[in-house]
Each structure stands twice: as C-alpha cells, then as structure tokens.
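This is protein-v3.cif (mmCIF, N, CA, C and O atoms).
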data_start
loop_
_atom_site.label_atom_id
_atom_site.label_comp_id
_atom_site.auth_asym_id
_atom_site.auth_seq_id
_atom_site.Cartn_x
_atom_site.Cartn_y
_atom_site.Cartn_z
N GLY A 255 12.24 -7.34 2.27
CA GLY A 255 11.89 -6.04 1.83
C GLY A 255 10.42 -5.97 1.47
O GLY A 255 9.65 -6.91 1.69
N TYR A 256 10.06 -4.87 0.92
CA TYR A 256 8.67 -4.62 0.52
C TYR A 256 8.60 -4.29 -0.96
O TYR A 256 9.55 -3.79 -1.54
N PHE A 257 7.46 -4.57 -1.57
CA PHE A 257 7.23 -4.22 -2.96
C PHE A 257 5.85 -3.60 -3.10
O PHE A 257 4.98 -3.77 -2.24
N ILE A 258 5.65 -2.89 -4.19
CA ILE A 258 4.34 -2.33 -4.53
C ILE A 258 4.23 -2.35 -6.05
O ILE A 258 5.24 -2.22 -6.75
N TRP A 259 3.02 -2.53 -6.54
CA TRP A 259 2.79 -2.43 -7.97
C TRP A 259 1.46 -1.74 -8.20
O TRP A 259 0.57 -1.77 -7.35
N ALA A 260 1.33 -1.10 -9.34
CA ALA A 260 0.08 -0.45 -9.73
C ALA A 260 0.04 -0.37 -11.25
O ALA A 260 1.07 -0.14 -11.89
N ILE A 261 -1.12 -0.62 -11.82
CA ILE A 261 -1.30 -0.51 -13.26
C ILE A 261 -2.67 0.09 -13.56
O ILE A 261 -3.56 0.07 -12.71
N THR A 262 -2.81 0.60 -14.76
CA THR A 262 -4.10 1.02 -15.27
C THR A 262 -4.49 0.03 -16.35
O THR A 262 -3.68 -0.30 -17.22
N THR A 263 -5.72 -0.45 -16.31
CA THR A 263 -6.22 -1.42 -17.27
C THR A 263 -7.65 -1.05 -17.64
O THR A 263 -8.18 -0.07 -17.14
N LYS A 264 -8.26 -1.82 -18.49
CA LYS A 264 -9.64 -1.57 -18.90
C LYS A 264 -10.58 -2.55 -18.19
O LYS A 264 -10.25 -3.73 -18.03
N ASP A 265 -11.75 -2.06 -17.76
CA ASP A 265 -12.75 -2.96 -17.19
C ASP A 265 -13.63 -3.51 -18.31
O ASP A 265 -13.37 -3.27 -19.50
N SER A 266 -14.68 -4.24 -17.96
CA SER A 266 -15.54 -4.87 -18.97
C SER A 266 -16.26 -3.85 -19.85
O SER A 266 -16.67 -4.17 -20.96
N ALA A 267 -16.41 -2.62 -19.37
CA ALA A 267 -17.03 -1.54 -20.15
C ALA A 267 -15.98 -0.72 -20.91
O ALA A 267 -16.30 0.33 -21.46
N GLN A 268 -14.74 -1.20 -20.90
CA GLN A 268 -13.62 -0.53 -21.58
C GLN A 268 -13.28 0.83 -20.97
O GLN A 268 -12.72 1.69 -21.64
N LYS A 269 -13.60 1.01 -19.70
CA LYS A 269 -13.22 2.22 -18.98
C LYS A 269 -11.91 1.95 -18.24
O LYS A 269 -11.67 0.84 -17.75
N ASN A 270 -11.05 2.99 -18.13
CA ASN A 270 -9.80 2.84 -17.40
C ASN A 270 -10.07 2.66 -15.91
O ASN A 270 -10.87 3.40 -15.32
N VAL A 271 -9.41 1.69 -15.32
CA VAL A 271 -9.45 1.48 -13.87
C VAL A 271 -8.02 1.23 -13.39
O VAL A 271 -7.20 0.69 -14.13
N SER A 272 -7.73 1.66 -12.19
CA SER A 272 -6.42 1.43 -11.60
C SER A 272 -6.52 0.29 -10.59
O SER A 272 -7.48 0.20 -9.84
N VAL A 273 -5.52 -0.57 -10.61
CA VAL A 273 -5.46 -1.69 -9.67
C VAL A 273 -4.08 -1.66 -9.03
O VAL A 273 -3.13 -1.13 -9.59
N PHE A 274 -3.95 -2.24 -7.84
CA PHE A 274 -2.69 -2.17 -7.10
C PHE A 274 -2.50 -3.40 -6.23
O PHE A 274 -3.43 -4.19 -6.02
N GLY A 275 -1.31 -3.53 -5.71
CA GLY A 275 -1.01 -4.56 -4.73
C GLY A 275 0.29 -4.22 -4.03
O GLY A 275 1.12 -3.47 -4.56
N TYR A 276 0.47 -4.77 -2.85
CA TYR A 276 1.73 -4.58 -2.13
C TYR A 276 1.93 -5.73 -1.16
O TYR A 276 1.00 -6.46 -0.84
N GLY A 277 3.18 -5.88 -0.73
CA GLY A 277 3.49 -6.96 0.19
C GLY A 277 4.96 -7.00 0.52
O GLY A 277 5.67 -6.01 0.41
N THR A 278 5.41 -8.19 0.91
CA THR A 278 6.80 -8.38 1.30
C THR A 278 7.48 -9.34 0.33
O THR A 278 6.81 -10.10 -0.38
N PHE A 279 8.81 -9.28 0.31
CA PHE A 279 9.56 -10.26 -0.49
C PHE A 279 10.79 -10.70 0.28
O PHE A 279 11.32 -9.98 1.12
N ASP A 280 11.23 -11.91 -0.03
CA ASP A 280 12.46 -12.47 0.50
C ASP A 280 13.24 -13.05 -0.66
O ASP A 280 12.66 -13.68 -1.56
N TYR A 281 14.56 -12.82 -0.67
CA TYR A 281 15.39 -13.44 -1.69
C TYR A 281 15.55 -14.91 -1.37
O TYR A 281 15.69 -15.31 -0.21
N ASP A 282 15.53 -15.72 -2.41
CA ASP A 282 15.68 -17.17 -2.29
C ASP A 282 16.80 -17.58 -3.25
O ASP A 282 16.54 -18.10 -4.33
N GLY A 283 18.02 -17.26 -2.88
CA GLY A 283 19.14 -17.51 -3.77
C GLY A 283 19.49 -16.25 -4.53
O GLY A 283 18.94 -15.18 -4.31
N LYS A 284 20.42 -16.39 -5.47
CA LYS A 284 20.94 -15.23 -6.21
C LYS A 284 19.92 -14.63 -7.17
O LYS A 284 19.87 -13.42 -7.34
N ASN A 285 19.12 -15.45 -7.84
CA ASN A 285 18.25 -14.96 -8.90
C ASN A 285 16.77 -15.28 -8.67
O ASN A 285 16.01 -15.35 -9.62
N LYS A 286 16.38 -15.48 -7.43
CA LYS A 286 14.99 -15.80 -7.14
C LYS A 286 14.51 -15.05 -5.90
O LYS A 286 15.29 -14.77 -5.00
N SER A 287 13.23 -14.74 -5.89
CA SER A 287 12.62 -14.18 -4.69
C SER A 287 11.22 -14.75 -4.55
O SER A 287 10.68 -15.35 -5.48
N LYS A 288 10.64 -14.57 -3.39
CA LYS A 288 9.28 -14.98 -3.13
C LYS A 288 8.54 -13.76 -2.62
O LYS A 288 8.95 -13.14 -1.65
N GLU A 289 7.45 -13.38 -3.34
CA GLU A 289 6.64 -12.24 -2.94
C GLU A 289 5.36 -12.73 -2.28
O GLU A 289 4.72 -13.65 -2.78
N THR A 290 5.02 -12.12 -1.16
CA THR A 290 3.77 -12.46 -0.46
C THR A 290 2.89 -11.22 -0.44
O THR A 290 3.29 -10.17 0.06
N MET A 291 1.70 -11.33 -1.01
CA MET A 291 0.76 -10.20 -1.10
C MET A 291 0.15 -9.91 0.27
O MET A 291 -0.39 -10.80 0.91
N MET A 292 0.27 -8.67 0.71
CA MET A 292 -0.37 -8.23 1.94
C MET A 292 -1.77 -7.68 1.66
O MET A 292 -2.69 -7.85 2.44
N ASN A 293 -1.88 -6.98 0.51
CA ASN A 293 -3.16 -6.40 0.12
C ASN A 293 -3.13 -6.16 -1.38
O ASN A 293 -2.08 -5.95 -1.96
N SER A 294 -4.31 -6.18 -1.98
CA SER A 294 -4.41 -5.99 -3.41
C SER A 294 -5.85 -5.65 -3.79
O SER A 294 -6.79 -5.98 -3.07
N THR A 295 -5.98 -5.01 -4.93
CA THR A 295 -7.30 -4.79 -5.51
C THR A 295 -7.98 -6.15 -5.73
O THR A 295 -9.18 -6.28 -5.60
N PHE A 296 -7.19 -7.15 -6.07
CA PHE A 296 -7.68 -8.50 -6.30
C PHE A 296 -7.68 -9.25 -4.98
O PHE A 296 -6.66 -9.78 -4.55
N VAL A 297 -8.81 -9.31 -4.31
CA VAL A 297 -8.91 -9.90 -2.98
C VAL A 297 -8.40 -11.34 -2.97
O VAL A 297 -7.80 -11.79 -1.99
N SER A 298 -8.56 -12.06 -4.06
CA SER A 298 -8.15 -13.47 -4.10
C SER A 298 -6.65 -13.67 -3.98
O SER A 298 -6.19 -14.77 -3.70
N THR A 299 -5.85 -12.61 -4.16
CA THR A 299 -4.40 -12.75 -4.05
C THR A 299 -3.87 -12.45 -2.65
O THR A 299 -2.71 -12.74 -2.35
N LYS A 300 -4.71 -11.90 -1.78
CA LYS A 300 -4.27 -11.51 -0.44
C LYS A 300 -3.74 -12.72 0.32
O LYS A 300 -4.40 -13.75 0.41
N GLY A 301 -2.52 -12.60 0.85
CA GLY A 301 -1.89 -13.66 1.62
C GLY A 301 -1.19 -14.72 0.79
O GLY A 301 -0.54 -15.60 1.34
N LYS A 302 -1.30 -14.67 -0.52
CA LYS A 302 -0.67 -15.68 -1.37
C LYS A 302 0.77 -15.30 -1.69
O LYS A 302 1.12 -14.13 -1.73
N ALA A 303 1.58 -16.32 -1.91
CA ALA A 303 2.99 -16.12 -2.22
C ALA A 303 3.26 -16.54 -3.67
O ALA A 303 2.64 -17.48 -4.18
N TYR A 304 4.16 -15.82 -4.31
CA TYR A 304 4.50 -16.06 -5.71
C TYR A 304 6.00 -16.13 -5.86
O TYR A 304 6.73 -15.33 -5.28
N ASP A 305 6.47 -17.08 -6.68
CA ASP A 305 7.88 -17.19 -7.00
C ASP A 305 8.22 -16.23 -8.12
O ASP A 305 7.47 -16.10 -9.09
N VAL A 306 9.37 -15.56 -7.98
CA VAL A 306 9.82 -14.59 -8.98
C VAL A 306 11.26 -14.93 -9.36
O VAL A 306 12.13 -14.97 -8.51
N ALA A 307 11.48 -15.21 -10.65
CA ALA A 307 12.83 -15.44 -11.16
C ALA A 307 13.34 -14.12 -11.74
O ALA A 307 12.60 -13.42 -12.44
N ILE A 308 14.58 -13.77 -11.42
CA ILE A 308 15.15 -12.50 -11.84
C ILE A 308 16.38 -12.78 -12.70
O ILE A 308 17.27 -13.53 -12.30
N GLU A 309 16.42 -12.17 -13.88
CA GLU A 309 17.55 -12.34 -14.78
C GLU A 309 18.03 -10.96 -15.23
O GLU A 309 17.27 -10.19 -15.81
N MET A 310 19.29 -10.66 -14.93
CA MET A 310 19.89 -9.41 -15.40
C MET A 310 20.10 -9.54 -16.91
O MET A 310 20.68 -10.51 -17.37
N THR A 311 19.57 -8.58 -17.67
CA THR A 311 19.69 -8.61 -19.13
C THR A 311 20.66 -7.55 -19.64
O THR A 311 20.85 -7.42 -20.84
N GLY A 312 21.24 -6.82 -18.74
CA GLY A 312 22.21 -5.77 -19.06
C GLY A 312 22.64 -5.11 -17.77
O GLY A 312 22.16 -5.46 -16.69
N ARG A 313 23.54 -4.14 -17.87
CA ARG A 313 24.04 -3.47 -16.67
C ARG A 313 22.92 -2.78 -15.91
O ARG A 313 22.91 -2.74 -14.68
N ASN A 314 21.95 -2.21 -16.63
CA ASN A 314 20.86 -1.46 -16.02
C ASN A 314 19.49 -2.01 -16.41
O ASN A 314 18.53 -1.26 -16.49
N ALA A 315 19.42 -3.30 -16.65
CA ALA A 315 18.14 -3.88 -17.09
C ALA A 315 17.99 -5.30 -16.54
O ALA A 315 18.98 -6.01 -16.35
N TYR A 316 16.75 -5.67 -16.30
CA TYR A 316 16.49 -7.05 -15.88
C TYR A 316 15.09 -7.49 -16.31
O TYR A 316 14.25 -6.69 -16.68
N ARG A 317 14.90 -8.79 -16.29
CA ARG A 317 13.61 -9.39 -16.59
C ARG A 317 13.19 -10.19 -15.37
O ARG A 317 14.00 -10.89 -14.76
N GLN A 318 11.93 -10.05 -14.98
CA GLN A 318 11.44 -10.88 -13.88
C GLN A 318 10.26 -11.70 -14.39
O GLN A 318 9.42 -11.22 -15.15
N THR A 319 10.25 -12.96 -13.99
CA THR A 319 9.19 -13.88 -14.38
C THR A 319 8.48 -14.32 -13.11
O THR A 319 9.08 -14.94 -12.24
N ILE A 320 7.19 -13.96 -13.01
CA ILE A 320 6.38 -14.32 -11.86
C ILE A 320 5.59 -15.57 -12.21
O ILE A 320 4.92 -15.61 -13.25
N THR A 321 5.66 -16.60 -11.35
CA THR A 321 4.89 -17.82 -11.57
C THR A 321 3.75 -17.85 -10.57
O THR A 321 3.96 -17.80 -9.36
N PHE A 322 2.52 -17.93 -11.08
CA PHE A 322 1.33 -17.96 -10.24
C PHE A 322 0.99 -19.40 -9.84
O PHE A 322 1.52 -20.36 -10.42
N ALA A 323 0.13 -19.55 -8.86
CA ALA A 323 -0.21 -20.87 -8.31
C ALA A 323 -0.74 -21.83 -9.37
O ALA A 323 -0.49 -23.03 -9.31
N ASN A 324 -1.44 -21.32 -10.38
CA ASN A 324 -2.01 -22.18 -11.41
C ASN A 324 -1.01 -22.50 -12.53
O ASN A 324 -1.35 -23.14 -13.52
N GLY A 325 0.23 -22.01 -12.40
CA GLY A 325 1.26 -22.26 -13.40
C GLY A 325 1.41 -21.16 -14.43
O GLY A 325 2.37 -21.15 -15.19
N ASP A 326 0.46 -20.24 -14.51
CA ASP A 326 0.58 -19.10 -15.43
C ASP A 326 1.79 -18.26 -15.04
O ASP A 326 2.17 -18.21 -13.87
N LYS A 327 2.37 -17.59 -16.04
CA LYS A 327 3.54 -16.75 -15.80
C LYS A 327 3.32 -15.36 -16.37
O LYS A 327 2.63 -15.18 -17.38
N SER A 328 3.90 -14.38 -15.70
CA SER A 328 3.94 -13.00 -16.18
C SER A 328 5.40 -12.61 -16.31
O SER A 328 6.16 -12.72 -15.36
N ILE A 329 5.79 -12.18 -17.51
CA ILE A 329 7.18 -11.78 -17.75
C ILE A 329 7.20 -10.27 -17.89
O ILE A 329 6.46 -9.71 -18.71
N GLU A 330 8.04 -9.62 -17.09
CA GLU A 330 8.12 -8.16 -17.06
C GLU A 330 9.56 -7.73 -17.29
O GLU A 330 10.48 -8.35 -16.76
N TYR A 331 9.74 -6.66 -18.06
CA TYR A 331 11.06 -6.14 -18.37
C TYR A 331 11.21 -4.76 -17.74
O TYR A 331 10.30 -3.94 -17.84
N TYR A 332 12.36 -4.53 -17.13
CA TYR A 332 12.63 -3.25 -16.50
C TYR A 332 14.00 -2.74 -16.94
O TYR A 332 14.92 -3.52 -17.11
N GLU A 333 14.08 -1.41 -17.09
CA GLU A 333 15.34 -0.79 -17.47
C GLU A 333 15.48 0.53 -16.72
O GLU A 333 14.52 1.31 -16.66
N ARG A 334 16.65 0.75 -16.14
CA ARG A 334 16.91 2.02 -15.46
C ARG A 334 17.08 3.11 -16.50
O ARG A 334 17.83 2.96 -17.46
N LEU A 335 16.36 4.19 -16.31
CA LEU A 335 16.46 5.32 -17.23
C LEU A 335 17.23 6.44 -16.56
O LEU A 335 17.02 6.74 -15.40
N THR A 336 18.12 7.04 -17.30
CA THR A 336 18.91 8.15 -16.76
C THR A 336 18.71 9.36 -17.66
O THR A 336 18.48 9.24 -18.87
N ILE A 337 18.78 10.53 -17.05
CA ILE A 337 18.60 11.77 -17.81
C ILE A 337 19.92 12.47 -17.94
O ILE A 337 20.72 12.51 -17.09
#

As structure tokens, please, write out the structure in this file.
Amino acid sequence: GYFIWAITTKDSAQKNVSVFGYGTFDYDGKNKSKETMMNSTFVSTKGKAYDVAIEMTGRNAYRQTITFANGDKSIEYYERLTI
C-alpha cells in the first residue's frame, strides 16, 4: 500500500513550516510493516526504509513505533474519531 504524512513544525527562526513525506509500505507479519520513502521534504530520507511496529491499544486505537536507521524511535498514537 501507500502512506503519506504531513506535519507543521517550527524552523530555526520559530516560523511555522510544513513538511511532508510519502511512499510505500508492506506488512511484515501481523504487527509489523516496512515503509519506504519515495519522496520527502527531508531529502536524506528518500529511498530509505523504516521498520514500523503496530500495536492495537483498543478497538479503535493503535500505537505505531517507527525505528530509524540510527536506532532512534518515534512513537505515535492514533484513535478513530466518530461523530
């Protein structure tokens, strides 16, 4: 499948800037996937693959842990919202 991400963050002058990335993913077992960046604001990530561990934390919620090449991790929480 495909994924996309986008965030707003602050640059060195504390001004808001938007950054993005997108690519492909493949499941690697029940709770793991591998994401490969096709393009990103961060040129250094283009073509790199990242392991993602997925843990369901509820019926409509999950946590994903992305492990980067240098061993750093990003933990993200998601929850389905209904109106």

Practice task
Given the file shown, determine the residues that the PyMOL selection byres ((chain A and resi 316) around 4.5) selects; report them as a ChimeraX atom specification.
Solution key: /A:309-311,315,317-318,330-332

Fill in the blank from the handout: The residue from A:Asp305, A:Asp282, A:Glu333, A:Asp265 with the smallest atom-to-atom distance to Thr321 of chain A, counting only C-alpha atoms, is A:Asp305

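Taking atom O of Asn285 of chain A as the reference point, atom O of Ser298 of chain A is found at 23.0 Å.
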
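Atom pair atom CA of Ile258 of chain A / atom CA of Thr295 of chain A: separated by 11.9 Å.
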
Exercise for the section: For atom O of Ser294 of chain A and atom CA of Tyr276 of chain A, determine how far apart the two atoms are, in Å to one decimal place. Expected result: 8.7 Å

Practice task
Could you give me, as number ranges by chain, each residue of segment 270-332 of chain A that DSSP assigns to strand (DSSP E or B) when run on this structure's backbone?
Solution key: A: 270-281, 286-294, 303-312, 315-321, 327-332

Handout entry: Residue neighbourhood Ala260 of chain A, 7 Å, all atoms listed in the file, exclusion window fewer than 4 positions, as number ranges by chain
Key = A: 272-275

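Every protein or nucleic acid residue with an atom no more than 6 Å from Lys300 of chain A, counting only C-alpha atoms and leaving out same-chain residues fewer than 5 positions away, appears here: Met291, Met292 and Asn293 of chain A.
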
Compile the contact shell of Ala303 of chain A as a PDB file with N, CA, C and O atoms, keeping the file's coordinate frame: residues with an atom at most 8 Å away, counting all atoms listed in the file, same-chain residues fewer than 4 positions apart removed.
ATOM      1  N   THR A 278       5.410  -8.190   0.910  1.00  0.00           N
ATOM      2  CA  THR A 278       6.800  -8.380   1.300  1.00  0.00           C
ATOM      3  C   THR A 278       7.480  -9.340   0.330  1.00  0.00           C
ATOM      4  O   THR A 278       6.810 -10.100  -0.380  1.00  0.00           O
ATOM      5  N   SER A 287      13.230 -14.740  -5.890  1.00  0.00           N
ATOM      6  CA  SER A 287      12.620 -14.180  -4.690  1.00  0.00           C
ATOM      7  C   SER A 287      11.220 -14.750  -4.550  1.00  0.00           C
ATOM      8  O   SER A 287      10.680 -15.350  -5.480  1.00  0.00           O
ATOM      9  N   LYS A 288      10.640 -14.570  -3.390  1.00  0.00           N
ATOM     10  CA  LYS A 288       9.280 -14.980  -3.130  1.00  0.00           C
ATOM     11  C   LYS A 288       8.540 -13.760  -2.620  1.00  0.00           C
ATOM     12  O   LYS A 288       8.950 -13.140  -1.650  1.00  0.00           O
ATOM     13  N   GLU A 289       7.450 -13.380  -3.340  1.00  0.00           N
ATOM     14  CA  GLU A 289       6.640 -12.240  -2.940  1.00  0.00           C
ATOM     15  C   GLU A 289       5.360 -12.730  -2.280  1.00  0.00           C
ATOM     16  O   GLU A 289       4.720 -13.650  -2.780  1.00  0.00           O
ATOM     17  N   THR A 290       5.020 -12.120  -1.160  1.00  0.00           N
ATOM     18  CA  THR A 290       3.770 -12.460  -0.460  1.00  0.00           C
ATOM     19  C   THR A 290       2.890 -11.220  -0.440  1.00  0.00           C
ATOM     20  O   THR A 290       3.290 -10.170   0.060  1.00  0.00           O
ATOM     21  N   MET A 291       1.700 -11.330  -1.010  1.00  0.00           N
ATOM     22  CA  MET A 291       0.760 -10.200  -1.100  1.00  0.00           C
ATOM     23  C   MET A 291       0.150  -9.910   0.270  1.00  0.00           C
ATOM     24  O   MET A 291      -0.390 -10.800   0.910  1.00  0.00           O
ATOM     25  N   THR A 299      -5.850 -12.610  -4.160  1.00  0.00           N
ATOM     26  CA  THR A 299      -4.400 -12.750  -4.050  1.00  0.00           C
ATOM     27  C   THR A 299      -3.870 -12.450  -2.650  1.00  0.00           C
ATOM     28  O   THR A 299      -2.710 -12.740  -2.350  1.00  0.00           O
ATOM     29  N   THR A 321       5.660 -16.600 -11.350  1.00  0.00           N
ATOM     30  CA  THR A 321       4.890 -17.820 -11.570  1.00  0.00           C
ATOM     31  C   THR A 321       3.750 -17.850 -10.570  1.00  0.00           C
ATOM     32  O   THR A 321       3.960 -17.800  -9.360  1.00  0.00           O
ATOM     33  N   PHE A 322       2.520 -17.930 -11.080  1.00  0.00           N
ATOM     34  CA  PHE A 322       1.330 -17.960 -10.240  1.00  0.00           C
ATOM     35  C   PHE A 322       0.990 -19.400  -9.840  1.00  0.00           C
ATOM     36  O   PHE A 322       1.520 -20.360 -10.420  1.00  0.00           O
ATOM     37  N   ALA A 323       0.130 -19.550  -8.860  1.00  0.00           N
ATOM     38  CA  ALA A 323      -0.210 -20.870  -8.310  1.00  0.00           C
ATOM     39  C   ALA A 323      -0.740 -21.830  -9.370  1.00  0.00           C
ATOM     40  O   ALA A 323      -0.490 -23.030  -9.310  1.00  0.00           O
TER      41      ALA A 323
END

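Among the candidates A:Lys302, A:Lys264, A:Ile329, A:Thr336, the residue lying nearest to Gly277 of chain A is A:Lys302 (atoms considered: only N, CA, C and O atoms).
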
Kindly list the centre and edge lengths in Å, rounded to one decimal, for the axis-aligned box that covers all listed atoms of segment 286-299 of chain A plus 4 Å on each of its six sides, as JSON.
{"center_x": 3.6, "center_y": -10.3, "center_z": -2.5, "size_x": 33.6, "size_y": 19.0, "size_z": 17.9}
